[in-house]
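Participant: Next up, run-v9.cif (mmCIF, C-alpha atoms).
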```
data_structure
loop_
_atom_site.label_atom_id
_atom_site.label_comp_id
_atom_site.auth_asym_id
_atom_site.auth_seq_id
_atom_site.Cartn_x
_atom_site.Cartn_y
_atom_site.Cartn_z
CA MET A 253 53.92 97.35 117.21
CA ILE A 254 56.23 98.50 120.00
CA ASP A 255 58.39 101.52 119.18
CA ILE A 256 62.11 100.79 119.20
CA TYR A 257 62.84 103.81 121.37
CA LEU A 258 60.70 102.30 124.19
CA LEU A 259 62.70 99.08 124.07
CA GLN A 260 65.94 101.06 124.06
CA GLN A 261 64.87 102.97 127.16
CA LEU A 262 63.90 99.75 128.93
CA ALA A 263 67.26 98.14 128.10
CA VAL A 264 69.19 101.20 129.27
CA TYR A 265 67.17 101.37 132.49
CA ALA A 266 67.91 97.67 133.16
CA LYS A 267 71.62 98.35 132.64
CA TYR A 268 71.91 101.48 134.81
CA GLY A 269 69.31 100.64 137.46
CA THR A 270 67.69 104.04 138.00
CA LEU A 271 65.50 106.34 135.94
CA SER A 272 67.82 109.28 136.53
CA ALA A 273 70.93 107.42 135.34
CA ALA A 274 69.10 106.03 132.31
CA ALA A 275 67.67 109.45 131.47
CA GLU A 276 71.15 110.98 131.65
CA LYS A 277 72.57 108.29 129.38
CA LEU A 278 69.79 108.83 126.83
CA HIS A 279 69.93 112.64 127.10
CA THR A 280 66.30 112.90 128.16
CA SER A 281 64.49 113.81 131.37
CA GLN A 282 63.42 111.56 134.21
CA PRO A 283 59.70 112.46 133.80
CA ALA A 284 59.96 111.57 130.10
CA MET A 285 61.49 108.22 131.02
CA THR A 286 58.67 107.61 133.53
CA ARG A 287 56.05 108.30 130.85
CA SER A 288 57.83 106.02 128.37
CA MET A 289 57.96 103.09 130.79
CA LYS A 290 54.25 103.54 131.61
CA LYS A 291 53.46 103.64 127.88
CA LEU A 292 55.43 100.42 127.34
CA GLU A 293 53.48 98.70 130.12
CA ASP A 294 50.19 99.88 128.61
CA GLU A 295 51.12 98.62 125.14
CA LEU A 296 52.27 95.25 126.47
CA GLY A 297 49.35 94.95 128.86
CA VAL A 298 51.60 93.82 131.72
CA THR A 299 53.30 95.37 134.73
CA LEU A 300 57.07 95.65 134.41
CA PHE A 301 57.92 97.54 137.61
CA GLU A 302 57.47 97.30 141.34
CA ARG A 303 56.59 100.80 142.48
CA ARG A 304 57.31 102.04 145.97
CA LYS A 305 57.42 105.55 147.33
CA ASN A 306 60.19 107.44 145.49
CA HIS A 307 61.54 104.23 143.98
CA ILE A 308 60.75 101.77 141.21
CA SER A 309 62.51 98.59 140.14
CA LEU A 310 61.96 95.91 137.52
CA ASN A 311 59.87 92.95 138.55
CA GLU A 312 60.57 89.47 137.16
CA THR A 313 58.53 90.16 134.03
CA GLY A 314 60.35 93.46 133.58
CA LYS A 315 63.75 91.79 133.84
CA ARG A 316 62.78 89.22 131.22
CA ALA A 317 61.32 91.97 129.01
CA ALA A 318 64.61 93.86 129.23
CA GLU A 319 66.48 90.75 128.04
CA TYR A 320 64.10 90.39 125.10
CA ALA A 321 64.40 94.11 124.37
CA GLU A 322 68.19 93.81 124.11
CA ARG A 323 67.82 90.98 121.59
CA VAL A 324 65.41 93.04 119.49
CA LEU A 325 67.78 96.02 119.60
CA GLU A 326 70.67 93.81 118.51
CA ALA A 327 68.58 92.50 115.62
CA ASP A 328 67.68 96.09 114.74
CA ARG A 329 71.34 97.11 114.69
CA ASP A 330 72.17 94.08 112.58
CA PHE A 331 69.34 94.94 110.17
CA VAL A 332 70.57 98.53 109.76
CA GLU A 333 74.18 97.45 109.21
CA LYS A 334 73.27 94.80 106.65
CA VAL A 335 71.09 97.23 104.65
CA ARG A 336 73.82 99.88 104.70
CA GLN A 337 76.44 97.27 103.80
CA TYR A 338 74.38 96.11 100.84
CA ASP A 339 73.84 99.67 99.65
CA ARG A 340 77.59 100.31 99.85
CA SER A 341 78.21 97.17 97.82
CA LEU A 342 76.13 98.60 94.96
CA HIS A 343 78.46 101.60 94.68
CA THR A 344 81.71 100.39 96.23
CA LEU A 345 83.68 97.24 95.48
CA SER A 346 85.70 96.14 98.51
CA VAL A 347 88.69 93.99 97.62
CA GLY A 348 91.28 92.32 99.82
CA PHE A 349 94.76 91.77 98.42
CA CYS A 350 97.27 89.47 100.10
CA ALA A 351 100.37 91.06 98.52
CA PRO A 352 101.48 94.12 96.52
CA VAL A 353 101.84 92.46 93.11
CA PRO A 354 98.21 91.23 92.91
CA GLN A 355 97.02 94.72 93.83
CA GLU A 356 99.18 96.29 91.12
CA VAL A 357 97.93 93.83 88.49
CA PHE A 358 94.25 93.81 89.39
CA THR A 359 93.62 97.50 90.09
CA PRO A 360 93.50 98.57 86.41
CA ILE A 361 91.47 95.46 85.51
CA LEU A 362 88.87 96.21 88.18
CA ASN A 363 88.70 99.89 87.23
CA SER A 364 88.05 98.90 83.63
CA ILE A 365 85.34 96.30 84.34
CA PHE A 366 83.60 98.19 87.16
CA ASP A 367 83.81 101.66 85.67
CA GLY A 368 81.95 104.20 87.80
CA MET A 369 82.27 102.21 91.02
CA THR A 370 84.62 103.09 93.86
CA ILE A 371 87.27 100.40 94.38
CA SER A 372 88.10 100.13 98.08
CA ALA A 373 91.23 98.03 98.50
CA ASP A 374 93.02 96.58 101.54
CA MET A 375 96.38 94.90 101.34
CA LYS A 376 97.31 92.71 104.30
CA ASP A 377 97.85 89.14 105.44
CA ASP A 378 94.98 87.06 104.06
CA ALA A 379 94.49 84.73 107.04
CA ASP A 380 90.94 86.03 107.61
CA PHE A 381 89.94 86.82 104.02
CA PHE A 382 87.50 83.92 103.62
CA ASP A 383 85.69 84.92 106.81
CA ASP A 384 85.71 88.54 105.61
CA ILE A 385 84.06 87.54 102.32
CA GLU A 386 81.40 85.54 104.16
CA ASN A 387 80.74 88.52 106.44
CA GLY A 388 80.47 90.96 103.55
CA ILE A 389 83.60 92.95 104.41
CA TYR A 390 85.08 92.09 101.01
CA GLN A 391 83.25 91.19 97.82
CA LEU A 392 86.47 89.98 96.17
CA ALA A 393 89.87 88.88 97.36
CA VAL A 394 93.16 87.71 95.92
CA THR A 395 94.67 85.13 98.27
CA HIS A 396 97.74 82.90 98.31
CA THR A 397 95.71 79.88 99.47
CA GLN A 398 92.51 78.28 98.21
CA PRO A 399 89.33 78.35 100.34
CA ASP A 400 89.26 75.67 103.00
CA ARG A 401 85.48 75.24 102.84
CA GLU A 402 82.54 75.37 100.45
CA GLY A 403 80.63 78.50 99.46
CA PHE A 404 83.29 80.22 97.34
CA CYS A 405 84.19 80.64 93.70
CA CYS A 406 87.94 80.37 93.26
CA LYS A 407 90.23 80.57 90.22
CA LYS A 408 94.00 80.55 90.01
CA CYS A 409 95.15 83.91 88.69
CA GLY A 410 98.95 83.76 88.78
CA GLU A 411 102.09 83.15 90.76
CA GLU A 412 105.12 84.93 92.14
CA THR A 413 108.61 83.96 93.29
CA LEU A 414 110.87 85.92 95.63
CA LEU A 415 114.62 86.26 95.25
CA VAL A 416 117.22 88.04 97.36
CA SER A 417 119.02 90.97 95.73
CA VAL A 418 122.58 91.78 96.85
CA LEU A 419 125.67 93.65 95.67
CA PRO A 420 128.24 91.69 93.58
CA SER A 421 130.67 91.85 96.51
CA ASP A 422 128.27 90.07 98.88
CA PRO A 423 129.45 86.54 99.89
CA LEU A 424 125.98 85.18 99.07
CA THR A 425 126.74 85.59 95.35
CA PHE A 426 129.03 82.54 95.51
CA TYR A 427 125.94 80.32 95.75
CA PRO A 428 123.60 79.50 92.83
CA GLU A 429 120.69 79.60 95.30
CA ILE A 430 120.24 80.21 99.00
CA HIS A 431 117.82 79.36 101.80
CA LEU A 432 116.10 81.85 104.08
CA LYS A 433 118.15 80.51 106.98
CA ASP A 434 121.22 81.94 105.21
CA LEU A 435 119.70 85.41 105.77
CA ASP A 436 118.91 84.86 109.44
CA GLY A 437 120.82 87.39 111.53
CA LEU A 438 121.52 89.86 108.70
CA SER A 439 120.16 93.39 108.36
CA ILE A 440 117.69 93.61 105.44
CA LEU A 441 115.78 96.51 103.92
CA LEU A 442 112.07 95.68 103.77
CA LEU A 443 108.95 97.47 102.62
CA THR A 444 106.32 97.50 105.36
CA LYS A 445 103.17 96.90 103.30
CA ILE A 446 103.81 93.48 101.75
CA GLY A 447 100.82 91.48 102.99
CA PHE A 448 101.33 87.84 103.90
CA TRP A 449 105.02 87.95 102.89
CA ALA A 450 105.86 89.90 106.06
CA ASN A 451 104.83 87.14 108.47
CA MET A 452 106.54 84.51 106.33
CA HIS A 453 109.84 86.41 106.38
CA ARG A 454 109.80 86.90 110.13
CA ALA A 455 108.81 83.30 110.84
CA LYS A 456 111.70 81.93 108.76
CA THR A 457 114.31 84.51 109.83
CA PRO A 458 113.58 85.27 113.51
CA HIS A 459 117.03 86.77 114.17
CA THR A 460 117.14 89.05 111.14
CA LYS A 461 117.06 92.81 111.74
CA TYR A 462 114.56 94.21 109.28
CA LEU A 463 114.87 97.88 108.38
CA PRO A 464 111.26 98.80 107.50
CA GLN A 465 110.53 101.42 104.84
CA ILE A 466 107.03 102.80 104.27
CA ASP A 467 107.69 104.73 101.05
CA ARG A 468 108.68 102.70 97.98
CA GLY A 469 110.68 105.58 96.51
CA THR A 470 112.77 105.85 99.67
CA PHE A 471 113.18 102.08 99.72
CA ILE A 472 114.58 102.05 96.15
CA GLU A 473 116.89 104.98 96.86
CA LEU A 474 118.32 103.21 99.92
CA ALA A 475 118.68 99.96 97.96
CA GLU A 476 120.60 101.79 95.22
CA ASN A 477 122.95 103.45 97.71
CA SER A 478 123.54 100.81 100.36
CA ALA A 479 124.85 97.28 100.71
CA TYR A 480 121.78 95.95 102.53
CA PRO A 481 120.15 92.88 100.97
CA ILE A 482 116.57 93.25 99.79
CA PHE A 483 113.91 90.89 98.52
CA ALA A 484 113.09 91.05 94.82
CA SER A 485 110.10 89.70 92.89
CA ASP A 486 110.35 87.79 89.62
CA TYR A 487 107.28 89.78 88.50
CA PHE A 488 109.27 93.04 88.45
CA ILE A 489 112.46 91.37 87.20
CA ARG A 490 110.64 90.08 84.11
CA ARG A 491 109.59 93.67 83.40
CA GLY A 492 113.11 95.01 83.71
CA GLU A 493 112.33 96.80 86.99
CA ARG A 494 115.38 95.77 88.94
CA ILE A 495 117.82 97.73 91.11
CA ASN A 496 120.93 98.61 89.10
CA GLY A 497 124.21 97.06 90.22
CA ARG A 498 122.65 94.16 92.10
CA ILE A 499 122.57 90.40 91.60
CA ASP A 500 119.33 88.50 92.18
CA ILE A 501 119.78 85.09 93.80
CA PRO A 502 117.02 82.43 93.80
CA ILE A 503 115.69 81.31 97.21
CA ALA A 504 115.17 77.57 97.49
CA ASP A 505 112.55 77.64 100.28
CA PRO A 506 109.11 76.66 98.90
CA GLU A 507 107.53 79.47 100.96
CA CYS A 508 109.18 81.96 98.59
CA HIS A 509 107.05 80.77 95.70
CA THR A 510 103.31 81.26 95.83
CA GLU A 511 100.26 80.85 93.66
CA TYR A 512 97.48 83.45 93.72
CA PHE A 513 93.72 82.86 93.63
CA LEU A 514 90.83 85.16 92.83
CA VAL A 515 87.99 84.45 95.27
CA CYS A 516 84.40 85.60 95.75
CA ALA A 517 81.33 84.22 97.50
CA GLU A 518 79.50 81.62 95.44
CA SER A 519 76.32 83.68 95.83
CA GLU A 520 78.07 86.58 94.03
CA SER A 521 79.41 84.53 91.12
CA SER A 522 77.02 85.99 88.53
CA ARG A 523 78.08 89.52 89.47
CA PHE A 524 81.74 88.72 88.81
CA ARG A 525 81.31 86.32 85.87
CA ARG A 526 82.97 88.72 83.41
CA LEU A 527 85.97 89.25 85.68
CA PHE A 528 86.48 85.53 86.23
CA SER A 529 86.18 84.88 82.49
CA LEU A 530 88.96 87.39 81.75
CA ILE A 531 91.55 86.25 84.27
CA HIS A 532 93.70 83.13 83.82
CA ASP A 533 96.52 81.34 85.61
CA LYS A 534 99.12 83.77 84.23
CA THR A 535 97.28 87.05 84.87
CA ILE A 536 99.79 87.66 87.66
CA TYR A 537 103.10 86.62 86.17
#
```
Could you quickly redo this structure as structure tokens?

Facilitator:
Amino acid sequence: MIDIYLLQQLAVYAKYGTLSAAAEKLHTSQPAMTRSMKKLEDELGVTLFERRKNHISLNETGKRAAEYAERVLEADRDFVEKVRQYDRSLHTLSVGFCAPVPQEVFTPILNSIFDGMTISADMKDDADFFDDIENGIYQLAVTHTQPDREGFCCKKCGEETLLVSVLPSDPLTFYPEIHLKDLDGLSILLLTKIGFWANMHRAKTPHTKYLPQIDRGTFIELAENSAYPIFASDYFIRRGERINGRIDIPIADPECHTEYFLVCAESESSRFRRLFSLIHDKTIY
């Protein structure tokens, strides 16, 4: 069996073209590189180099061997990453959340079911979540769309509706409901980490000036002491967590109501059977 380090040296030599440059890249000496290339030829039983006075270069067999070596090295890197990824999955549960409310609801549930494991959570737009599950980046995800292909377990786990929250003096309060276009061009306070909602807002209100806030505490303080509109969630309103002195107005656009889905790879369904059995279509509500 050929040692990996010999293939690595051959691939690096093919890339840099000289023994001295390859040796420098690999932090070794030129004589050591020369011995390694001779050892590789001996083990393969073929000649890989054309040797002239003070110069060597790959022959046709050597060039093809370097191509094969790069493929083997890529497979080796892939092997190492997959083994490490699997080992991490035994101790760490990686979860993708498409919005803040699902993360708030599911975090205590996951901590309870997977006690002793580290929960690693991302919250962002879920456009690539299904690919990420297939590639092992996430073991679980909560998305606002169902998988568009086979190979997944999926269960509805709730829903959420957005409203706009304004002061009683705001002209928008004259309407029983509004559309997002009615907000286009206004200045609106907005939390930065809101997952897929962020792209939806900007797509529907391209002329709105959003005033981004990273910290939720600062966001609430500004909302309590300013006239800027904000978006509110029916999830928090039902729990009495609303900004004092404001009126919440329904938004008629269908994009402001979403369903949520718990998703995992079909091959992992037995691992998450208990979780899926506990959640229902009003877990997030």

Participant: Would you mind reading off the distance between CA of Leu514 in chain A and CA of Val394 in chain A, one decimal, in Å?

Facilitator: 4.6 Å

Participant: Hey, can you check how far CA of Glu507 in chain A sits from CA of Gln465 in chain A?

Facilitator: 22.5 Å

Participant: Decode the PyMOL selection byres ((chain A and resi 317) around 12) for the given file into explicit residues and return them as a VMD selection string.

Facilitator: chain A and resid 258 to 263 265 to 266 289 292 to 293 296 298 to 301 310 to 316 318 to 324

Participant: Evaluate the PyMOL selection byres ((chain A and resi 523) around 12) against this structure - the residues, as a list in words, please.

Facilitator: Ser341, Leu342, Leu345, Ile365, Phe366, Gln391, Leu392, Cys405, Cys516, Ala517, Glu518, Ser519, Glu520, Ser521, Ser522, Phe524, Arg525, Arg526, Leu527, Phe528 and Ser529 of chain A

Participant: What would the file look like if the residues just selected were written as a PDB file, in the frame of the given file with C-alpha atoms?

Facilitator:
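Saved result, out_14.pdb, follows:
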```
ATOM      1  CA  SER A 341      78.210  97.170  97.820  1.00  0.00           C
ATOM      2  CA  LEU A 342      76.130  98.600  94.960  1.00  0.00           C
ATOM      3  CA  LEU A 345      83.680  97.240  95.480  1.00  0.00           C
ATOM      4  CA  ILE A 365      85.340  96.300  84.340  1.00  0.00           C
ATOM      5  CA  PHE A 366      83.600  98.190  87.160  1.00  0.00           C
ATOM      6  CA  GLN A 391      83.250  91.190  97.820  1.00  0.00           C
ATOM      7  CA  LEU A 392      86.470  89.980  96.170  1.00  0.00           C
ATOM      8  CA  CYS A 405      84.190  80.640  93.700  1.00  0.00           C
ATOM      9  CA  CYS A 516      84.400  85.600  95.750  1.00  0.00           C
ATOM     10  CA  ALA A 517      81.330  84.220  97.500  1.00  0.00           C
ATOM     11  CA  GLU A 518      79.500  81.620  95.440  1.00  0.00           C
ATOM     12  CA  SER A 519      76.320  83.680  95.830  1.00  0.00           C
ATOM     13  CA  GLU A 520      78.070  86.580  94.030  1.00  0.00           C
ATOM     14  CA  SER A 521      79.410  84.530  91.120  1.00  0.00           C
ATOM     15  CA  SER A 522      77.020  85.990  88.530  1.00  0.00           C
ATOM     16  CA  PHE A 524      81.740  88.720  88.810  1.00  0.00           C
ATOM     17  CA  ARG A 525      81.310  86.320  85.870  1.00  0.00           C
ATOM     18  CA  ARG A 526      82.970  88.720  83.410  1.00  0.00           C
ATOM     19  CA  LEU A 527      85.970  89.250  85.680  1.00  0.00           C
ATOM     20  CA  PHE A 528      86.480  85.530  86.230  1.00  0.00           C
ATOM     21  CA  SER A 529      86.180  84.880  82.490  1.00  0.00           C
TER      22      SER A 529
END
```

Participant: Counting all atoms listed in the file, write as a list in words all protein and nucleic acid residues lying at most 9 Å from (120.5, 93.9, 94.3) in the file's frame.

Facilitator: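 Final list of nearby residues, as requested, is Val416, Ser417, Val418, Leu419, Pro420, Ala475, Glu476, Ala479, Tyr480, Pro481, Ile482, Phe483, Ala484, Arg494, Ile495, Asn496, Gly497, Arg498, Ile499, Asp500 and Ile501 of chain A.
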
Participant: When you draw a straight line from CA of Cys406 in chain A to CA of Glu386 in chain A, how long is it in Å?

Facilitator: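 Computing the Euclidean distance for CA of Cys406 in chain A and CA of Glu386 in chain A yields 13.7 Å.
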
Participant: Select, from A:Val347, A:Ile536, A:Ile503, A:Leu463, the residue with the minimum atom-to-atom distance to Val515 in chain A, counting only C-alpha atoms.

Facilitator: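 Once distances to Val515 in chain A are computed over only C-alpha atoms, the minimum belongs to A:Val347.
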
Participant: Can you tell me, as a ChimeraX atom specification, what residues are no more than 8 Å from Met369 in chain A when counting all atoms listed in the file, ignoring any on the same chain fewer than 6 positions away?

Facilitator: /A:343-345,363

Participant: Closest to Phe382 in chain A among A:Thr280, A:Thr460, A:Thr395, A:Thr370, using all atoms listed in the file?

Facilitator: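 Closest candidate: A:Thr395.
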
Participant: Looking at only C-alpha atoms, which of A:Ala327, A:Ile308, A:Ile256, A:Leu530 is the one that sits closest to Phe358 in chain A?

Facilitator: A:Leu530

Participant: Which of these residues is nearest to Arg401 in chain A, using all atoms listed in the file: A:Gln282, A:Asp383, A:Gly388, A:Lys267?

Facilitator: A:Asp383

Participant: Would you kindly translate the PyMOL selection byres ((chain A and resi 537) around 12) into the concrete residues it picks from this file, as a list in words?

Facilitator: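 Written out, the selection comes to Val353, Pro354, Glu356, Val357, Phe358, Lys408, Cys409, Gly410, Glu411, Glu412, Thr413, Ser485, Asp486, Tyr487, Phe488, Ile489, Arg490, Arg491, His509, Thr510, Glu511, Tyr512, Ile531, His532, Asp533, Lys534, Thr535 and Ile536 of chain A.
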
Participant: Measuring atom to atom with only C-alpha atoms, identify which of A:Lys305, A:Thr470, A:Gly348, A:Thr286 is nearest to Ser272 in chain A.

Facilitator: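 With only C-alpha atoms as the atom set, the closest residue is A:Thr286.
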
Participant: Can you pull out every residue within 6 Å of range 442-453 of chain A, counting only C-alpha atoms, but drop anything in the same chain fewer than 2 positions away, and send it as a ChimeraX atom specification?

Facilitator: /A:350-352,375-377,455-457,463-466
